[in-house]
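Below is the file start.txt, which contains compact mmCIF, C-alpha atoms.
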```
# COMPACT_ATOMS: atom_id res chain seq x y z
CA THR J 1 94.03 -51.21 19.89
CA THR J 2 93.02 -49.67 23.14
CA SER J 3 91.80 -46.51 21.40
CA ALA J 4 89.62 -48.47 18.98
CA THR J 5 88.20 -50.53 21.83
CA MET J 6 87.34 -47.40 23.79
CA GLN J 7 85.65 -45.84 20.77
CA LYS J 8 83.61 -48.99 20.23
CA TYR J 9 82.68 -49.02 23.91
CA MET J 10 81.60 -45.37 23.81
CA ARG J 11 79.48 -45.95 20.70
CA LEU J 12 77.79 -48.84 22.48
CA LEU J 13 77.07 -46.69 25.54
CA LEU J 14 75.65 -43.91 23.37
CA ALA J 15 73.46 -46.40 21.52
CA LEU J 16 72.17 -47.82 24.81
CA ALA J 17 71.52 -44.33 26.16
CA ALA J 18 69.59 -43.39 23.03
CA ALA J 19 67.53 -46.56 23.26
CA VAL J 20 66.65 -45.87 26.90
CA ALA J 21 65.84 -42.23 26.16
CA ALA J 22 63.54 -43.22 23.32
CA GLU J 23 61.58 -45.80 25.35
CA PRO J 24 58.01 -44.54 25.91
CA LEU J 25 57.29 -43.64 29.51
CA TYR J 26 53.71 -44.96 29.51
CA ASP J 27 51.93 -47.91 27.95
CA PHE J 28 48.51 -46.34 27.47
CA SER J 29 46.99 -49.59 26.23
CA SER J 30 47.17 -51.11 29.71
CA SER J 31 46.70 -48.02 31.86
CA ALA J 32 43.90 -45.87 33.27
CA LEU J 33 45.77 -42.92 31.76
CA VAL J 34 44.54 -41.25 28.57
CA GLU J 35 47.16 -40.29 26.01
CA LEU J 36 46.65 -36.59 25.29
CA THR J 37 48.01 -34.80 22.23
CA ASP J 38 47.72 -31.49 20.44
CA ASP J 39 44.99 -33.09 18.32
CA ASN J 40 42.71 -34.38 21.10
CA PHE J 41 43.37 -32.20 24.17
CA GLU J 42 40.69 -29.61 23.43
CA THR J 43 38.03 -32.20 22.64
CA LEU J 44 38.73 -34.64 25.46
CA VAL J 45 39.72 -32.27 28.27
CA VAL J 46 38.65 -28.69 27.60
CA GLY J 47 35.31 -29.75 26.13
CA ASP J 48 34.47 -32.04 29.05
CA ALA J 49 32.27 -30.17 31.53
CA THR J 50 31.39 -33.25 33.58
CA SER J 51 34.81 -34.38 34.79
CA LEU J 52 37.79 -33.27 36.81
CA TRP J 53 41.01 -33.93 34.85
CA VAL J 54 44.49 -34.47 36.26
CA VAL J 55 47.08 -33.99 33.51
CA GLU J 56 50.82 -34.65 33.59
CA PHE J 57 53.16 -33.01 31.10
CA TYR J 58 56.28 -35.16 30.70
CA ALA J 59 59.20 -36.11 28.49
CA ASP J 60 60.29 -39.68 27.86
CA TRP J 61 63.93 -38.93 28.74
CA CYS J 62 63.15 -37.09 31.99
CA GLY J 63 64.56 -38.84 35.05
CA HIS J 64 62.13 -37.24 37.49
CA CYS J 65 59.26 -38.24 35.19
CA LYS J 66 60.44 -41.86 35.24
CA GLN J 67 60.52 -41.80 39.04
CA PHE J 68 57.05 -40.26 39.21
CA ALA J 69 55.41 -42.40 36.50
CA PRO J 70 54.50 -45.45 38.66
CA GLY J 71 52.86 -43.25 41.29
CA PHE J 72 50.96 -41.20 38.73
CA ALA J 73 49.70 -44.32 36.98
CA LYS J 74 48.69 -45.79 40.35
CA ALA J 75 46.75 -42.63 41.23
CA ALA J 76 44.91 -42.90 37.91
CA GLY J 77 44.00 -46.49 38.66
CA ASN J 78 42.89 -45.70 42.21
CA LEU J 79 40.54 -42.96 40.98
CA LYS J 80 39.31 -44.70 37.83
CA GLY J 81 35.70 -43.73 37.27
CA ILE J 82 35.97 -40.82 39.71
CA VAL J 83 38.62 -38.48 38.26
CA LYS J 84 40.03 -38.61 34.75
CA PHE J 85 43.81 -38.77 34.29
CA GLY J 86 45.78 -37.93 31.18
CA ALA J 87 49.42 -37.58 30.19
CA VAL J 88 50.91 -35.26 27.58
CA ASN J 89 54.28 -35.92 25.97
CA ALA J 90 55.24 -32.26 26.02
CA GLU J 91 57.93 -32.64 23.37
CA LYS J 92 55.43 -34.06 20.90
CA ALA J 93 52.52 -31.86 22.00
CA SER J 94 54.46 -28.62 22.20
CA LYS J 95 51.43 -26.46 21.33
CA THR J 96 49.44 -27.67 24.33
CA ALA J 97 52.46 -27.56 26.64
CA SER J 98 53.15 -23.96 25.60
CA LEU J 99 49.50 -22.97 26.01
CA TYR J 100 49.56 -24.17 29.62
CA GLY J 101 52.90 -22.56 30.45
CA VAL J 102 54.84 -25.79 30.92
CA ASN J 103 58.58 -25.16 31.27
CA GLY J 104 59.75 -28.18 33.23
CA TYR J 105 58.98 -31.86 33.71
CA PRO J 106 57.02 -33.37 35.22
CA THR J 107 54.36 -30.70 35.49
CA VAL J 108 50.94 -31.73 36.81
CA LYS J 109 47.87 -29.58 36.37
CA VAL J 110 44.30 -30.19 37.50
CA LEU J 111 41.72 -28.84 35.09
CA MET J 112 38.48 -27.93 36.80
CA PRO J 113 35.19 -29.08 35.27
CA GLU J 114 33.63 -25.73 34.42
CA VAL J 115 34.01 -24.69 30.81
CA THR J 116 34.12 -20.95 30.23
CA ARG J 117 34.28 -18.79 27.13
CA ASN J 118 36.94 -16.15 26.63
CA PRO J 119 34.94 -12.96 25.90
CA TYR J 120 37.70 -11.63 23.63
CA THR J 121 38.61 -14.69 21.56
CA GLY J 122 35.38 -16.67 21.83
CA LYS J 123 37.38 -19.80 22.66
CA LEU J 124 36.47 -22.24 25.38
CA GLY J 125 38.81 -22.77 28.30
CA LYS J 126 39.15 -24.08 31.82
CA VAL J 127 40.79 -23.08 35.06
CA ALA J 128 43.98 -25.10 35.56
CA LYS J 129 45.44 -25.52 39.03
CA ASP J 130 49.11 -26.40 39.46
CA TYR J 131 49.87 -29.43 41.61
CA GLY J 132 52.86 -28.80 43.86
CA GLY J 133 52.48 -31.63 46.34
CA PRO J 134 54.43 -34.86 46.81
CA ARG J 135 55.18 -36.86 43.69
CA THR J 136 53.36 -39.87 45.07
CA ALA J 137 50.10 -41.63 44.31
CA ARG J 138 48.67 -40.65 47.69
CA GLY J 139 49.62 -36.99 47.23
CA VAL J 140 47.96 -36.78 43.82
CA VAL J 141 44.85 -38.67 44.96
CA ASP J 142 44.38 -36.47 48.02
CA TYR J 143 44.75 -33.26 46.01
CA ALA J 144 42.49 -34.35 43.17
CA THR J 145 39.67 -35.55 45.41
CA SER J 146 39.85 -32.34 47.45
CA LEU J 147 38.93 -30.41 44.28
CA LEU J 148 35.79 -32.38 43.44
CA PRO J 149 32.86 -29.98 43.87
CA SER J 150 30.77 -30.84 46.93
CA GLU J 151 28.01 -28.29 46.36
CA LEU J 152 26.37 -30.51 43.73
CA VAL J 153 25.35 -33.04 46.39
CA ALA J 154 22.42 -31.91 48.55
CA ALA J 155 22.58 -32.69 52.27
CA VAL J 156 19.40 -34.46 53.37
CA THR J 157 18.40 -34.97 57.01
CA ASP J 158 15.28 -36.26 58.74
CA GLY J 159 12.49 -33.87 58.02
CA GLY J 160 14.08 -32.68 54.80
CA LEU J 161 13.30 -35.53 52.41
CA GLU J 162 10.06 -34.08 51.09
CA SER J 163 11.71 -30.73 50.45
CA PHE J 164 14.58 -32.42 48.61
CA LEU J 165 12.23 -34.43 46.40
CA SER J 166 9.99 -31.47 45.55
CA GLU J 167 12.73 -28.99 44.69
CA GLY J 168 13.16 -28.41 40.97
CA ALA J 169 12.05 -30.53 38.04
CA LEU J 170 14.90 -33.04 37.91
CA PRO J 171 14.66 -36.67 39.02
CA LYS J 172 16.35 -37.26 42.38
CA ALA J 173 18.79 -39.85 43.67
CA LEU J 174 19.56 -40.24 47.36
CA LEU J 175 22.39 -42.23 48.86
CA LEU J 176 22.05 -43.24 52.48
CA GLY J 177 25.59 -43.90 53.60
CA SER J 178 27.32 -45.33 56.61
CA LYS J 179 29.67 -42.36 57.06
CA PRO J 180 28.98 -38.69 57.83
CA ALA J 181 31.06 -37.34 54.94
CA VAL J 182 30.17 -37.39 51.24
CA SER J 183 32.51 -39.66 49.29
CA PRO J 184 34.56 -38.57 46.26
CA LEU J 185 32.64 -41.16 44.23
CA LEU J 186 29.28 -39.54 44.95
CA LYS J 187 30.69 -36.09 44.18
CA SER J 188 31.97 -37.35 40.83
CA LEU J 189 28.60 -38.91 40.00
CA ALA J 190 26.84 -35.64 40.80
CA LEU J 191 29.29 -33.85 38.53
CA ALA J 192 28.84 -36.34 35.70
CA LEU J 193 25.05 -35.95 35.85
CA LYS J 194 24.90 -32.23 36.59
CA GLY J 195 21.73 -30.73 35.11
CA ARG J 196 20.23 -34.18 34.52
CA LEU J 197 19.81 -35.67 38.01
CA GLN J 198 19.94 -34.11 41.49
CA LEU J 199 21.93 -36.20 43.93
CA GLY J 200 21.56 -36.07 47.68
CA TYR J 201 23.26 -37.68 50.63
CA ALA J 202 22.04 -38.65 54.07
CA HIS J 203 24.05 -40.22 56.87
CA GLY J 204 21.87 -43.27 57.34
CA GLU J 205 22.27 -43.76 61.08
CA ALA J 206 21.46 -40.10 61.68
CA ALA J 207 18.41 -40.14 59.39
CA PRO J 208 16.23 -43.12 60.43
CA GLU J 209 12.99 -41.48 59.27
CA THR J 210 14.42 -40.89 55.83
CA ALA J 211 15.58 -44.51 55.64
CA THR J 212 12.15 -45.76 56.65
CA ALA J 213 10.39 -43.56 54.08
CA LEU J 214 12.54 -45.09 51.33
CA GLY J 215 12.23 -48.62 52.66
CA VAL J 216 15.92 -48.82 53.48
CA ASP J 217 17.13 -51.11 56.28
CA GLY J 218 20.90 -51.08 55.74
CA PHE J 219 23.67 -48.85 54.48
CA PRO J 220 24.89 -47.88 51.99
CA ARG J 221 21.71 -47.84 49.94
CA LEU J 222 20.89 -45.82 46.83
CA ALA J 223 17.43 -44.95 45.59
CA VAL J 224 16.07 -42.92 42.68
CA VAL J 225 12.81 -41.00 42.79
CA PRO J 226 11.42 -40.02 39.37
CA ALA J 227 10.68 -36.34 38.78
CA GLY J 228 7.45 -35.25 40.40
CA LYS J 229 7.10 -38.45 42.44
CA GLY J 230 7.30 -39.13 46.16
CA ALA J 231 9.33 -41.44 48.37
CA ALA J 232 6.77 -44.22 48.05
CA GLU J 233 7.61 -44.49 44.34
CA SER J 234 11.37 -44.75 44.83
CA ILE J 235 13.44 -47.29 42.90
CA SER J 236 16.23 -49.04 44.79
CA TYR J 237 19.63 -49.86 43.32
CA THR J 238 20.66 -53.49 43.75
CA GLY J 239 24.00 -53.60 41.95
CA GLU J 240 27.59 -53.17 43.08
CA MET J 241 28.63 -49.87 44.62
CA LYS J 242 31.24 -49.26 41.93
CA ALA J 243 31.70 -46.20 39.75
CA GLU J 244 30.96 -47.69 36.34
CA GLN J 245 27.87 -49.60 37.43
CA LEU J 246 26.51 -46.71 39.49
CA LEU J 247 26.95 -44.21 36.67
CA ALA J 248 25.23 -46.50 34.16
CA TRP J 249 22.24 -47.06 36.47
CA LEU J 250 21.86 -43.42 37.44
CA THR J 251 22.20 -42.33 33.81
CA SER J 252 19.31 -44.62 32.89
CA HIS J 253 17.11 -42.69 35.34
CA ALA J 254 18.46 -39.21 34.56
CA GLY J 255 17.10 -36.54 32.29
CA PRO J 256 18.29 -36.14 28.69
CA PRO J 257 21.91 -35.15 28.01
CA LEU J 258 22.62 -31.45 28.01
CA PRO J 259 23.68 -29.89 24.70
CA PRO J 260 27.43 -29.24 24.47
CA LYS J 261 28.75 -25.71 24.57
CA ASP J 262 28.93 -24.35 21.08
CA GLY J 263 31.95 -22.75 19.55
CA GLY J 264 35.55 -23.48 18.87
CA GLY J 265 38.27 -25.23 20.68
CA GLY J 266 39.64 -24.75 24.05
CA GLY J 267 41.99 -22.13 24.85
CA GLY J 268 43.41 -20.01 27.21
CA GLY J 269 45.88 -21.91 29.32
CA GLY J 270 43.48 -22.26 32.12
CA GLY J 271 43.62 -18.81 33.59
CA GLY J 272 43.66 -19.22 37.32
CA ALA J 273 46.57 -21.47 38.05
CA ALA J 274 46.75 -21.90 41.79
```

Take the structure from the file and write it as structure tokens.
Amino acid sequence: TTSATMQKYMRLLLALAAAVAAEPLYDFSSSALVELTDDNFETLVVGDATSLWVVEFYADWCGHCKQFAPGFAKAAGNLKGIVKFGAVNAEKASKTASLYGVNGYPTVKVLMPEVTRNPYTGKLGKVAKDYGGPRTARGVVDYATSLLPSELVAAVTDGGLESFLSEGALPKALLLGSKPAVSPLLKSLALALKGRLQLGYAHGEAAPETATALGVDGFPRLAVVPAGKGAAESISYTGEMKAEQLLAWLTSHAGPPLPPKDGGGGGGGGGGAA
């Protein structure tokens, strides 16, 4: 009968809708995104003092999340090795979503690198900034890179190389670049090696004396000077100017890893949302 046919049709539609709703939004096995849960969020994100994290809170059934997902995944791929990206299924990780005040999807927060301790609870936490820009890869990339700390990279000009090399007890690394501005990649490397290696930047064309002192005749060029040594004992990098290779090489010339902050898990919802 017509009624039976309609009922069968409706059951089929409901079954299809349930199947679509249950389909995972992200395939983390083939993505630059990290799957974050209640079990690993504190360890991977809150305990990481050497990275900027961009985190999306989502639900698999959320239509806006599905529209945003390709752009968010693209942003993660574009900044791989520079900024870390994670995604939290807020319905499965309700504790973390609640801690960070998530009440709608998608919600994107950028967790700043500095780890602080709550003086009342003793728990570790981070400042979390709310992202309110366009739901596009370009919007997320621009916002994330704008938050990478620039103060960790020393500006070096002609006449300032000796001062840069003699300041402090850390080994030094100097990039002579072809552009006046410091790149997000160099900022991220300085952050990753904070307290272990002092990074500097010189605009090569504007610092010919510095380039000559380091034996550099083209840009970009990267050189490391061991602690307590001078420019004549610099070591030049000859690999590809890519994040993974650069970090591995610089790490091999850096000081020993810093001890992790002691104490319990992360906490406090990130305080200064902005």

Write out, as a Markdown table, each residue of range 136-222 of chain J that has an atom at most 12 Å from range 126-130 of chain J, together with the closest pair of atoms and their distance in Å to one decimal, counting all atoms listed in the file, rows going by chain and rising number.
```
| residue | atom | partner | partner_atom | distance |
| --- | --- | --- | --- | --- |
| J:Val140 | CA | J:Asp130 | CA | 11.3 |
| J:Tyr143 | CA | J:Asp130 | CA | 10.4 |
| J:Ala144 | CA | J:Lys129 | CA | 10.2 |
| J:Leu147 | CA | J:Lys129 | CA | 9.7 |
```

**Prompt:** Which residues, protein or nucleic acid, reach to within 12 Å of (19.9, -46.5, 64.5) in the file's coordinates when using all atoms listed in the file, and can you give that as number ranges by chain?
**Reply:** J: 178, 203-212, 216-219

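Among the candidate residues J:Leu52, J:Ala75, J:Ala154, J:Ala97, the one lying nearest to Val115 in chain J is J:Leu52, with distances computed using all atoms listed in the file.
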
**Asked** Which one is closest to Asn78 in chain J: J:Lys109, J:Lys92, J:Lys123, J:Arg138? Count only C-alpha atoms.
**Response** J:Arg138

**Message:** Set the distance at 9 Å and use only C-alpha atoms: which residues neighbour Val108 in chain J once local chain neighbours fewer than 6 positions away are removed? I'd like the list as a VMD selection string.
**Reply:** chain J and resid 54 to 58 87 129 to 132

**Asked** Quick one: of J:Lys66, J:Pro256, J:Ala49, J:Thr37, who's nearest to Gly86 in chain J, counting all atoms listed in the file?
**Response**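 Residue with the minimum atom-to-atom distance to Gly86 in chain J: J:Thr37.
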
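With only C-alpha atoms as the atoms that count, the minimum distance from Asn89 in chain J to the choices J:Pro24, J:Ala32, J:His64, J:Gly228 is reached by J:Pro24.
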
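Minimum distance to Lys95 in chain J across J:Ser30, J:Asn118, J:Asn40, J:Thr251 (counting only C-alpha atoms) occurs at J:Asn40.
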
**Close residues, Ala202 in chain J itself excluded, 7 Å, all atoms listed in the file, min 3 positions apart in chain, as an NGL selection string** = :J and (155-157 or 175-177 or 207)

Would you output that residue set with C-alpha atoms, as a PDB file, in the coordinates of the input?
```pdb
ATOM      1  CA  ALA J 155      22.580 -32.690  52.270  1.00  0.00           C
ATOM      2  CA  VAL J 156      19.400 -34.460  53.370  1.00  0.00           C
ATOM      3  CA  THR J 157      18.400 -34.970  57.010  1.00  0.00           C
ATOM      4  CA  LEU J 175      22.390 -42.230  48.860  1.00  0.00           C
ATOM      5  CA  LEU J 176      22.050 -43.240  52.480  1.00  0.00           C
ATOM      6  CA  GLY J 177      25.590 -43.900  53.600  1.00  0.00           C
ATOM      7  CA  ALA J 207      18.410 -40.140  59.390  1.00  0.00           C
TER       8      ALA J 207
END
```

**Request:** Tell me, in Å to one decimal, how far CA of Glu114 in chain J is from CA of Asp38 in chain J.
**Result:**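 A separation of 20.7 Å between them.
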
Range 8-94 of chain J near range 181-196 of chain J within 8 Å: what's each residue's closest atom pair and its distance in Å to one decimal, counting only C-alpha atoms, ordered by chain then ascending residue number, as a tab-separated table?
```
residue	atom	partner	partner_atom	distance
J:Thr50	CA	J:Ala192	CA	4.5
J:Ser51	CA	J:Ala192	CA	6.3
J:Ile82	CA	J:Ser188	CA	5.4
J:Val83	CA	J:Ser188	CA	7.2
```

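Minimum atom-to-atom distance to Gly160 in chain J, evaluated using all atoms listed in the file, belongs to J:Gly200 out of J:Trp53, J:Phe85, J:Ala227, J:Gly200.
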